[in-house]
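Raw coords25.json, JSON, C-alpha atoms:
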```json
[["chain", "number", "residue", "atom", "x", "y", "z"],
["G", 1, "MET", "CA", 0.00, 0.00, 0.00],
["G", 2, "THR", "CA", 1.32, 3.39, -0.95],
["G", 3, "ALA", "CA", 0.00, 6.92, -0.44],
["G", 4, "ALA", "CA", 0.22, 9.98, -2.68],
["G", 5, "ASN", "CA", 2.46, 11.55, -0.03],
["G", 6, "ASP", "CA", 5.02, 8.71, -0.43],
["G", 7, "ILE", "CA", 5.12, 9.08, -4.23],
["G", 8, "ILE", "CA", 5.52, 12.87, -4.01],
["G", 9, "LYS", "CA", 8.31, 12.65, -1.39],
["G", 10, "ARG", "CA", 10.18, 10.05, -3.42],
["G", 11, "GLY", "CA", 9.86, 12.10, -6.61],
["G", 12, "LEU", "CA", 11.08, 15.28, -4.91],
["G", 13, "ARG", "CA", 14.05, 13.40, -3.46],
["G", 14, "LEU", "CA", 14.94, 12.07, -6.92],
["G", 15, "ILE", "CA", 15.35, 15.65, -8.21],
["G", 16, "ASN", "CA", 17.05, 16.82, -4.98],
["G", 17, "ALA", "CA", 14.18, 19.18, -4.14],
["G", 18, "LEU", "CA", 13.78, 17.45, -0.78],
["G", 19, "GLY", "CA", 16.55, 16.05, 1.38],
["G", 20, "ALA", "CA", 16.46, 12.91, 3.52],
["G", 21, "GLY", "CA", 14.51, 13.60, 6.70],
["G", 22, "GLU", "CA", 13.10, 16.88, 5.40],
["G", 23, "THR", "CA", 9.40, 17.55, 5.27],
["G", 24, "PHE", "CA", 7.70, 19.72, 2.73],
["G", 25, "THR", "CA", 5.45, 22.71, 3.32],
["G", 26, "PRO", "CA", 1.66, 22.56, 2.89],
["G", 27, "GLU", "CA", 2.03, 24.60, -0.30],
["G", 28, "VAL", "CA", 4.53, 22.14, -1.78],
["G", 29, "SER", "CA", 2.38, 19.16, -0.79],
["G", 30, "SER", "CA", -0.70, 20.78, -2.37],
["G", 31, "ASP", "CA", 1.23, 21.52, -5.58],
["G", 32, "GLY", "CA", 2.66, 18.00, -5.54],
["G", 33, "LEU", "CA", -0.78, 16.41, -5.23],
["G", 34, "MET", "CA", -2.10, 18.59, -8.05],
["G", 35, "THR", "CA", 0.89, 17.63, -10.25],
["G", 36, "LEU", "CA", 0.57, 13.89, -9.46],
["G", 37, "ASN", "CA", -3.16, 13.90, -10.23],
["G", 38, "ALA", "CA", -2.58, 15.86, -13.47],
["G", 39, "MET", "CA", 0.00, 13.26, -14.53],
["G", 40, "ILE", "CA", -2.37, 10.36, -13.80],
["G", 41, "SER", "CA", -5.17, 12.15, -15.66],
["G", 42, "SER", "CA", -2.99, 12.81, -18.72],
["G", 43, "TRP", "CA", -1.88, 9.17, -18.79],
["G", 44, "SER", "CA", -5.49, 7.97, -18.76],
["G", 45, "VAL", "CA", -6.33, 10.29, -21.69],
["G", 46, "GLU", "CA", -3.47, 8.64, -23.59],
["G", 47, "LYS", "CA", -5.02, 5.23, -22.80],
["G", 48, "LEU", "CA", -2.09, 4.39, -20.50],
["G", 49, "MET", "CA", -4.00, 2.53, -17.81],
["G", 50, "LEU", "CA", -2.65, 2.44, -14.30],
["G", 51, "TYR", "CA", -4.15, -0.25, -12.14],
["G", 52, "GLN", "CA", -4.86, -0.69, -8.48],
["G", 53, "PHE", "CA", -6.32, -3.69, -6.69],
["G", 54, "GLU", "CA", -9.19, -3.67, -4.23],
["G", 55, "THR", "CA", -11.17, -6.38, -2.47],
["G", 56, "VAL", "CA", -14.84, -5.57, -1.90],
["G", 57, "SER", "CA", -17.75, -7.49, -0.46],
["G", 58, "TYR", "CA", -21.41, -7.58, -1.43],
["G", 59, "ALA", "CA", -24.39, -9.75, -0.52],
["G", 60, "PRO", "CA", -26.32, -10.08, -3.79],
["G", 61, "ALA", "CA", -30.03, -10.86, -3.68],
["G", 62, "ALA", "CA", -30.56, -11.41, -7.41],
["G", 63, "ALA", "CA", -28.96, -13.16, -10.40],
["G", 64, "SER", "CA", -27.04, -9.97, -11.28],
["G", 65, "PHE", "CA", -25.97, -6.67, -9.77],
["G", 66, "THR", "CA", -24.30, -3.50, -10.99],
["G", 67, "ILE", "CA", -20.89, -2.35, -9.81],
["G", 68, "GLY", "CA", -19.44, 1.14, -10.21],
["G", 69, "ALA", "CA", -19.79, 4.73, -9.04],
["G", 70, "THR", "CA", -23.60, 4.63, -9.22],
["G", 71, "GLY", "CA", -24.12, 0.85, -9.09],
["G", 72, "GLN", "CA", -25.69, -1.33, -6.45],
["G", 73, "LEU", "CA", -22.14, -2.04, -5.25],
["G", 74, "VAL", "CA", -20.57, 1.43, -5.11],
["G", 75, "THR", "CA", -16.86, 1.46, -5.94],
["G", 76, "THR", "CA", -14.63, 2.45, -8.85],
["G", 77, "ARG", "CA", -15.89, 0.46, -11.85],
["G", 78, "PRO", "CA", -13.51, -2.47, -12.27],
["G", 79, "VAL", "CA", -11.62, -3.22, -15.44],
["G", 80, "GLU", "CA", -11.66, -6.90, -14.47],
["G", 81, "ILE", "CA", -12.60, -9.18, -11.59],
["G", 82, "LEU", "CA", -9.48, -11.17, -10.80],
["G", 83, "SER", "CA", -10.87, -13.61, -8.23],
["G", 84, "ALA", "CA", -13.88, -14.24, -6.04],
["G", 85, "TYR", "CA", -15.03, -16.28, -3.09],
["G", 86, "ARG", "CA", -18.26, -16.58, -1.14],
["G", 87, "ARG", "CA", -18.70, -16.53, 2.59],
["G", 88, "SER", "CA", -21.50, -18.32, 4.34],
["G", 89, "GLY", "CA", -21.19, -18.07, 8.12],
["G", 90, "SER", "CA", -17.49, -18.65, 8.77],
["G", 91, "LEU", "CA", -16.88, -20.82, 5.68],
["G", 92, "ASP", "CA", -15.16, -19.34, 2.60],
["G", 93, "THR", "CA", -15.46, -21.14, -0.76],
["G", 94, "ASP", "CA", -13.85, -20.20, -4.09],
["G", 95, "VAL", "CA", -16.14, -18.88, -6.82],
["G", 96, "ARG", "CA", -15.06, -19.35, -10.41],
["G", 97, "VAL", "CA", -14.73, -16.18, -12.52],
["G", 98, "GLY", "CA", -15.56, -17.04, -16.10],
["G", 99, "SER", "CA", -16.40, -15.65, -19.49],
["G", 100, "ARG", "CA", -19.67, -14.68, -21.14],
["G", 101, "VAL", "CA", -19.63, -17.95, -23.09],
["G", 102, "ASP", "CA", -19.28, -19.90, -19.81],
["G", 103, "TYR", "CA", -22.24, -18.02, -18.37],
["G", 104, "GLU", "CA", -24.38, -18.57, -21.45],
["G", 105, "ARG", "CA", -23.74, -22.33, -21.25],
["G", 106, "GLU", "CA", -25.52, -22.48, -17.88],
["G", 107, "SER", "CA", -29.00, -23.63, -18.80],
["G", 108, "LEU", "CA", -30.85, -23.07, -15.50],
["G", 109, "LYS", "CA", -30.20, -19.38, -14.91],
["G", 110, "THR", "CA", -33.07, -19.11, -12.39],
["G", 111, "GLN", "CA", -31.82, -21.98, -10.21],
["G", 112, "SER", "CA", -30.97, -20.75, -6.71],
["G", 113, "GLY", "CA", -28.22, -21.94, -4.41],
["G", 114, "PRO", "CA", -24.72, -21.02, -3.28],
["G", 115, "VAL", "CA", -22.90, -19.03, -5.98],
["G", 116, "GLU", "CA", -20.42, -21.20, -7.89],
["G", 117, "PHE", "CA", -19.66, -18.96, -10.86],
["G", 118, "ILE", "CA", -19.67, -15.26, -11.80],
["G", 119, "TYR", "CA", -19.26, -13.43, -15.07],
["G", 120, "TYR", "CA", -18.36, -9.71, -15.28],
["G", 121, "LYS", "CA", -19.58, -7.49, -18.11],
["G", 122, "PRO", "CA", -17.62, -4.18, -17.91],
["G", 123, "THR", "CA", -20.22, -1.83, -19.38],
["G", 124, "TYR", "CA", -20.13, 1.91, -18.73],
["G", 125, "PRO", "CA", -20.77, 3.74, -16.42],
["G", 126, "ASN", "CA", -21.37, 0.65, -14.25],
["G", 127, "GLY", "CA", -20.41, -2.92, -14.94],
["G", 128, "THR", "CA", -22.67, -5.89, -14.28],
["G", 129, "VAL", "CA", -21.83, -9.05, -12.34],
["G", 130, "PHE", "CA", -23.90, -12.12, -13.23],
["G", 131, "CYS", "CA", -24.11, -14.92, -10.64],
["G", 132, "TRP", "CA", -24.93, -18.59, -11.06],
["G", 133, "PRO", "CA", -26.84, -20.01, -9.33],
["G", 134, "VAL", "CA", -28.97, -17.13, -8.04],
["G", 135, "PRO", "CA", -27.47, -16.24, -4.61],
["G", 136, "THR", "CA", -29.10, -17.49, -1.41],
["G", 137, "GLY", "CA", -27.82, -15.22, 1.34],
["G", 138, "GLU", "CA", -24.05, -15.53, 1.19],
["G", 139, "THR", "CA", -21.60, -12.64, 0.86],
["G", 140, "LEU", "CA", -19.36, -12.44, -2.20],
["G", 141, "PHE", "CA", -15.80, -11.10, -1.93],
["G", 142, "LEU", "CA", -14.38, -9.82, -5.20],
["G", 143, "THR", "CA", -10.78, -8.86, -5.93],
["G", 144, "LEU", "CA", -10.98, -6.10, -8.51],
["G", 145, "GLN", "CA", -8.51, -4.61, -10.94],
["G", 146, "GLN", "CA", -9.47, -0.94, -11.18],
["G", 147, "ALA", "CA", -8.12, 1.96, -13.17],
["G", 148, "LEU", "CA", -6.18, 4.31, -10.90],
["G", 149, "THR", "CA", -7.98, 7.62, -10.53],
["G", 150, "ALA", "CA", -6.88, 10.86, -8.90],
["G", 151, "PHE", "CA", -5.76, 10.71, -5.28],
["G", 152, "ALA", "CA", -8.37, 12.38, -3.04],
["G", 153, "ASP", "CA", -5.68, 13.62, -0.66],
["G", 154, "LEU", "CA", -2.08, 13.03, 0.40],
["G", 155, "THR", "CA", -2.94, 10.12, 2.70],
["G", 156, "THR", "CA", -5.18, 8.17, 0.32],
["G", 157, "THR", "CA", -3.57, 4.74, -0.06],
["G", 158, "VAL", "CA", -3.75, 2.39, -3.02],
["G", 159, "SER", "CA", -2.52, -1.13, -3.66],
["G", 160, "LEU", "CA", -0.47, -1.07, -6.87],
["G", 161, "PRO", "CA", 1.01, -3.87, -8.99],
["G", 162, "ASP", "CA", 4.77, -4.42, -8.84],
["G", 163, "GLY", "CA", 6.73, -1.63, -10.51],
["G", 164, "TYR", "CA", 3.90, 0.92, -10.57],
["G", 165, "GLU", "CA", 5.06, 2.87, -7.51],
["G", 166, "GLU", "CA", 8.49, 3.27, -9.13],
["G", 167, "ALA", "CA", 6.89, 4.44, -12.41],
["G", 168, "LEU", "CA", 4.73, 6.99, -10.59],
["G", 169, "ALA", "CA", 7.59, 8.36, -8.47],
["G", 170, "THR", "CA", 10.12, 8.70, -11.30],
["G", 171, "ASN", "CA", 7.62, 10.20, -13.72],
["G", 172, "PHE", "CA", 6.33, 12.54, -11.00],
["G", 173, "ALA", "CA", 9.96, 13.68, -10.60],
["G", 174, "VAL", "CA", 10.09, 14.53, -14.31],
["G", 175, "TYR", "CA", 6.77, 16.42, -14.10],
["G", 176, "ALA", "CA", 7.86, 18.28, -10.96],
["G", 177, "ALA", "CA", 11.26, 19.21, -12.37]]
```
Representation of the structure as structure tokens:
Amino acid sequence: MTAANDIIKRGLRLINALGAGETFTPEVSSDGLMTLNAMISSWSVEKLMLYQFETVSYAPAAASFTIGATGQLVTTRPVEILSAYRRSGSLDTDVRVGSRVDYERESLKTQSGPVEFIYYKPTYPNGTVFCWPVPTGETLFLTLQQALTAFADLTTTVSLPDGYEEALATNFAVYAA
């Protein structure tokens, strides 16, 4: 987990604008956050996707639910669902994440029972998660790959794939220089 503050400090140290052990002023931190968010925004316009990972939980009551900023499950709309499991009481069981073709092969879409399989359709502005069988009271836990959006503040933390923190810090240094 890394915070915007860590990326900004590292970038400023790379260009010798901040020494080891030094702290920066509120003005510098505000400018740094604005610069970091502008860089992330410009990368997304160029279709250079930065990813973060998040695990969310939801107790679906129907065969499908929406996921995104205005969905039934409110979070950043995922690019992909990487893994899933269901929790019933204190027991966790893997749920298979499959394709549209896999979902269409299931003939009894109205059958209810513990979720064994999900399919994610990443529509916009919200994606849709389809469950099979129709859920019966368990909670689903989904590990999502989401596009990195602007940092809300200096202490907002994100979980980034390997190498992404380095890319953000060194490129922030170039932007800040």
Length of the CA of Ile118 in chain G to CA of Phe130 in chain G vector [Å]:
5.5 Å
Residues within 12 Å of (8.1, 6.4, 1.1), file coords, all atoms listed in the file, listed as a PyMOL selection string:
chain G and resi 1-14+20-21+23+155+157+165-166+169
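For the pair CA of Phe141 in chain G and CA of Thr75 in chain G, the separation is 13.2 Å.
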Restricting the calculation to all atoms listed in the file, which member of G:Leu18, G:Leu33, G:Val115, G:Val28 is positioned closest to Leu154 in chain G?
G:Leu33
Ranking G:Leu91, G:Pro26, G:Thr35, G:Val158 by minimum distance to Ala177 in chain G and counting all atoms listed in the file, which one comes first?
G:Thr35
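Interatomic distance, CA of Arg86 in chain G to CA of Thr143 in chain G: 11.8 Å.
Counting all atoms listed in the file, the residue from G:Thr70, G:Tyr175, G:Pro161, G:Phe65 that sits nearest to Ser42 in chain G is G:Tyr175.
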Coordinates of box centre and edge lengths for range 129-133 of chain G, 5 Å on every side, axis-aligned, as JSON:
```
{"center_x": -24.3, "center_y": -14.5, "center_z": -11.3, "size_x": 15.0, "size_y": 21.0, "size_z": 13.9}
```
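Comparing G:Leu144, G:Pro78, G:Leu160, G:Trp132 by their smallest distance to Ser64 in chain G, the closest is G:Trp132 (using only C-alpha atoms).
Each of G:Pro122, G:Ser112, G:Trp43, G:Asp162 was checked against Ala63 in chain G using all atoms listed in the file; the smallest atom-to-atom distance is that of G:Ser112.
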Need a file for range 32-44 of chain G from that block: all heavy atoms, written as a PDB file, in the first residue's frame.
```pdb
ATOM      1  N   GLY G  32       2.255  19.356  -5.187  1.00  0.00           N
ATOM      2  CA  GLY G  32       2.656  17.997  -5.537  1.00  0.00           C
ATOM      3  C   GLY G  32       1.463  17.109  -5.841  1.00  0.00           C
ATOM      4  O   GLY G  32       1.466  16.350  -6.812  1.00  0.00           O
ATOM      5  N   LEU G  33       0.423  17.213  -5.007  1.00  0.00           N
ATOM      6  CA  LEU G  33      -0.781  16.413  -5.235  1.00  0.00           C
ATOM      7  C   LEU G  33      -1.452  16.805  -6.548  1.00  0.00           C
ATOM      8  O   LEU G  33      -1.875  15.947  -7.321  1.00  0.00           O
ATOM      9  CB  LEU G  33      -1.755  16.576  -4.062  1.00  0.00           C
ATOM     10  CG  LEU G  33      -3.034  15.746  -4.138  1.00  0.00           C
ATOM     11  CD1 LEU G  33      -2.713  14.250  -4.156  1.00  0.00           C
ATOM     12  CD2 LEU G  33      -3.945  16.090  -2.962  1.00  0.00           C
ATOM     13  N   MET G  34      -1.503  18.111  -6.809  1.00  0.00           N
ATOM     14  CA  MET G  34      -2.102  18.589  -8.053  1.00  0.00           C
ATOM     15  C   MET G  34      -1.297  18.075  -9.259  1.00  0.00           C
ATOM     16  O   MET G  34      -1.877  17.627 -10.255  1.00  0.00           O
ATOM     17  CB  MET G  34      -2.143  20.128  -8.058  1.00  0.00           C
ATOM     18  CG  MET G  34      -2.963  20.701  -9.175  1.00  0.00           C
ATOM     19  SD  MET G  34      -3.176  22.510  -9.166  1.00  0.00           S
ATOM     20  CE  MET G  34      -2.201  23.093  -7.830  1.00  0.00           C
ATOM     21  N   THR G  35       0.033  18.095  -9.163  1.00  0.00           N
ATOM     22  CA  THR G  35       0.890  17.629 -10.251  1.00  0.00           C
ATOM     23  C   THR G  35       0.740  16.118 -10.459  1.00  0.00           C
ATOM     24  O   THR G  35       0.623  15.647 -11.593  1.00  0.00           O
ATOM     25  CB  THR G  35       2.364  17.984  -9.960  1.00  0.00           C
ATOM     26  OG1 THR G  35       2.466  19.400  -9.821  1.00  0.00           O
ATOM     27  CG2 THR G  35       3.288  17.496 -11.056  1.00  0.00           C
ATOM     28  N   LEU G  36       0.729  15.354  -9.366  1.00  0.00           N
ATOM     29  CA  LEU G  36       0.572  13.893  -9.464  1.00  0.00           C
ATOM     30  C   LEU G  36      -0.761  13.537 -10.107  1.00  0.00           C
ATOM     31  O   LEU G  36      -0.826  12.711 -11.021  1.00  0.00           O
ATOM     32  CB  LEU G  36       0.691  13.253  -8.075  1.00  0.00           C
ATOM     33  CG  LEU G  36       0.502  11.737  -8.006  1.00  0.00           C
ATOM     34  CD1 LEU G  36       1.558  11.013  -8.839  1.00  0.00           C
ATOM     35  CD2 LEU G  36       0.550  11.265  -6.551  1.00  0.00           C
ATOM     36  N   ASN G  37      -1.833  14.185  -9.667  1.00  0.00           N
ATOM     37  CA  ASN G  37      -3.159  13.903 -10.234  1.00  0.00           C
ATOM     38  C   ASN G  37      -3.253  14.327 -11.695  1.00  0.00           C
ATOM     39  O   ASN G  37      -3.893  13.647 -12.502  1.00  0.00           O
ATOM     40  CB  ASN G  37      -4.249  14.563  -9.401  1.00  0.00           C
ATOM     41  CG  ASN G  37      -4.515  13.807  -8.113  1.00  0.00           C
ATOM     42  OD1 ASN G  37      -4.252  12.613  -8.013  1.00  0.00           O
ATOM     43  ND2 ASN G  37      -5.035  14.500  -7.123  1.00  0.00           N
ATOM     44  N   ALA G  38      -2.594  15.424 -12.064  1.00  0.00           N
ATOM     45  CA  ALA G  38      -2.578  15.857 -13.471  1.00  0.00           C
ATOM     46  C   ALA G  38      -1.846  14.832 -14.329  1.00  0.00           C
ATOM     47  O   ALA G  38      -2.278  14.528 -15.452  1.00  0.00           O
ATOM     48  CB  ALA G  38      -1.920  17.229 -13.597  1.00  0.00           C
ATOM     49  N   MET G  39      -0.757  14.271 -13.801  1.00  0.00           N
ATOM     50  CA  MET G  39      -0.002  13.259 -14.529  1.00  0.00           C
ATOM     51  C   MET G  39      -0.861  12.010 -14.744  1.00  0.00           C
ATOM     52  O   MET G  39      -0.953  11.490 -15.857  1.00  0.00           O
ATOM     53  CB  MET G  39       1.278  12.897 -13.776  1.00  0.00           C
ATOM     54  CG  MET G  39       2.151  11.888 -14.478  1.00  0.00           C
ATOM     55  SD  MET G  39       3.587  11.400 -13.494  1.00  0.00           S
ATOM     56  CE  MET G  39       2.828  10.272 -12.323  1.00  0.00           C
ATOM     57  N   ILE G  40      -1.513  11.540 -13.697  1.00  0.00           N
ATOM     58  CA  ILE G  40      -2.372  10.361 -13.798  1.00  0.00           C
ATOM     59  C   ILE G  40      -3.495  10.613 -14.798  1.00  0.00           C
ATOM     60  O   ILE G  40      -3.811   9.768 -15.628  1.00  0.00           O
ATOM     61  CB  ILE G  40      -2.926   9.966 -12.410  1.00  0.00           C
ATOM     62  CG1 ILE G  40      -1.788   9.427 -11.536  1.00  0.00           C
ATOM     63  CG2 ILE G  40      -4.053   8.946 -12.533  1.00  0.00           C
ATOM     64  CD1 ILE G  40      -2.155   9.268 -10.072  1.00  0.00           C
ATOM     65  N   SER G  41      -4.087  11.794 -14.743  1.00  0.00           N
ATOM     66  CA  SER G  41      -5.168  12.154 -15.660  1.00  0.00           C
ATOM     67  C   SER G  41      -4.679  12.162 -17.109  1.00  0.00           C
ATOM     68  O   SER G  41      -5.353  11.649 -18.005  1.00  0.00           O
ATOM     69  CB  SER G  41      -5.741  13.518 -15.285  1.00  0.00           C
ATOM     70  OG  SER G  41      -6.733  13.903 -16.194  1.00  0.00           O
ATOM     71  N   SER G  42      -3.504  12.745 -17.346  1.00  0.00           N
ATOM     72  CA  SER G  42      -2.988  12.806 -18.719  1.00  0.00           C
ATOM     73  C   SER G  42      -2.648  11.412 -19.238  1.00  0.00           C
ATOM     74  O   SER G  42      -2.844  11.126 -20.414  1.00  0.00           O
ATOM     75  CB  SER G  42      -1.778  13.733 -18.816  1.00  0.00           C
ATOM     76  OG  SER G  42      -0.636  13.158 -18.229  1.00  0.00           O
ATOM     77  N   TRP G  43      -2.174  10.537 -18.363  1.00  0.00           N
ATOM     78  CA  TRP G  43      -1.879   9.168 -18.787  1.00  0.00           C
ATOM     79  C   TRP G  43      -3.166   8.441 -19.184  1.00  0.00           C
ATOM     80  O   TRP G  43      -3.175   7.681 -20.136  1.00  0.00           O
ATOM     81  CB  TRP G  43      -1.163   8.391 -17.690  1.00  0.00           C
ATOM     82  CG  TRP G  43       0.272   8.780 -17.495  1.00  0.00           C
ATOM     83  CD1 TRP G  43       0.958   9.775 -18.135  1.00  0.00           C
ATOM     84  CD2 TRP G  43       1.192   8.184 -16.595  1.00  0.00           C
ATOM     85  NE1 TRP G  43       2.249   9.835 -17.675  1.00  0.00           N
ATOM     86  CE2 TRP G  43       2.420   8.863 -16.732  1.00  0.00           C
ATOM     87  CE3 TRP G  43       1.107   7.163 -15.674  1.00  0.00           C
ATOM     88  CZ2 TRP G  43       3.550   8.539 -15.993  1.00  0.00           C
ATOM     89  CZ3 TRP G  43       2.223   6.833 -14.935  1.00  0.00           C
ATOM     90  CH2 TRP G  43       3.434   7.507 -15.092  1.00  0.00           C
ATOM     91  N   SER G  44      -4.242   8.667 -18.439  1.00  0.00           N
ATOM     92  CA  SER G  44      -5.491   7.974 -18.760  1.00  0.00           C
ATOM     93  C   SER G  44      -6.065   8.471 -20.086  1.00  0.00           C
ATOM     94  O   SER G  44      -6.669   7.701 -20.827  1.00  0.00           O
ATOM     95  CB  SER G  44      -6.511   8.122 -17.638  1.00  0.00           C
ATOM     96  OG  SER G  44      -6.965   9.444 -17.527  1.00  0.00           O
TER      97      SER G  44
END
```
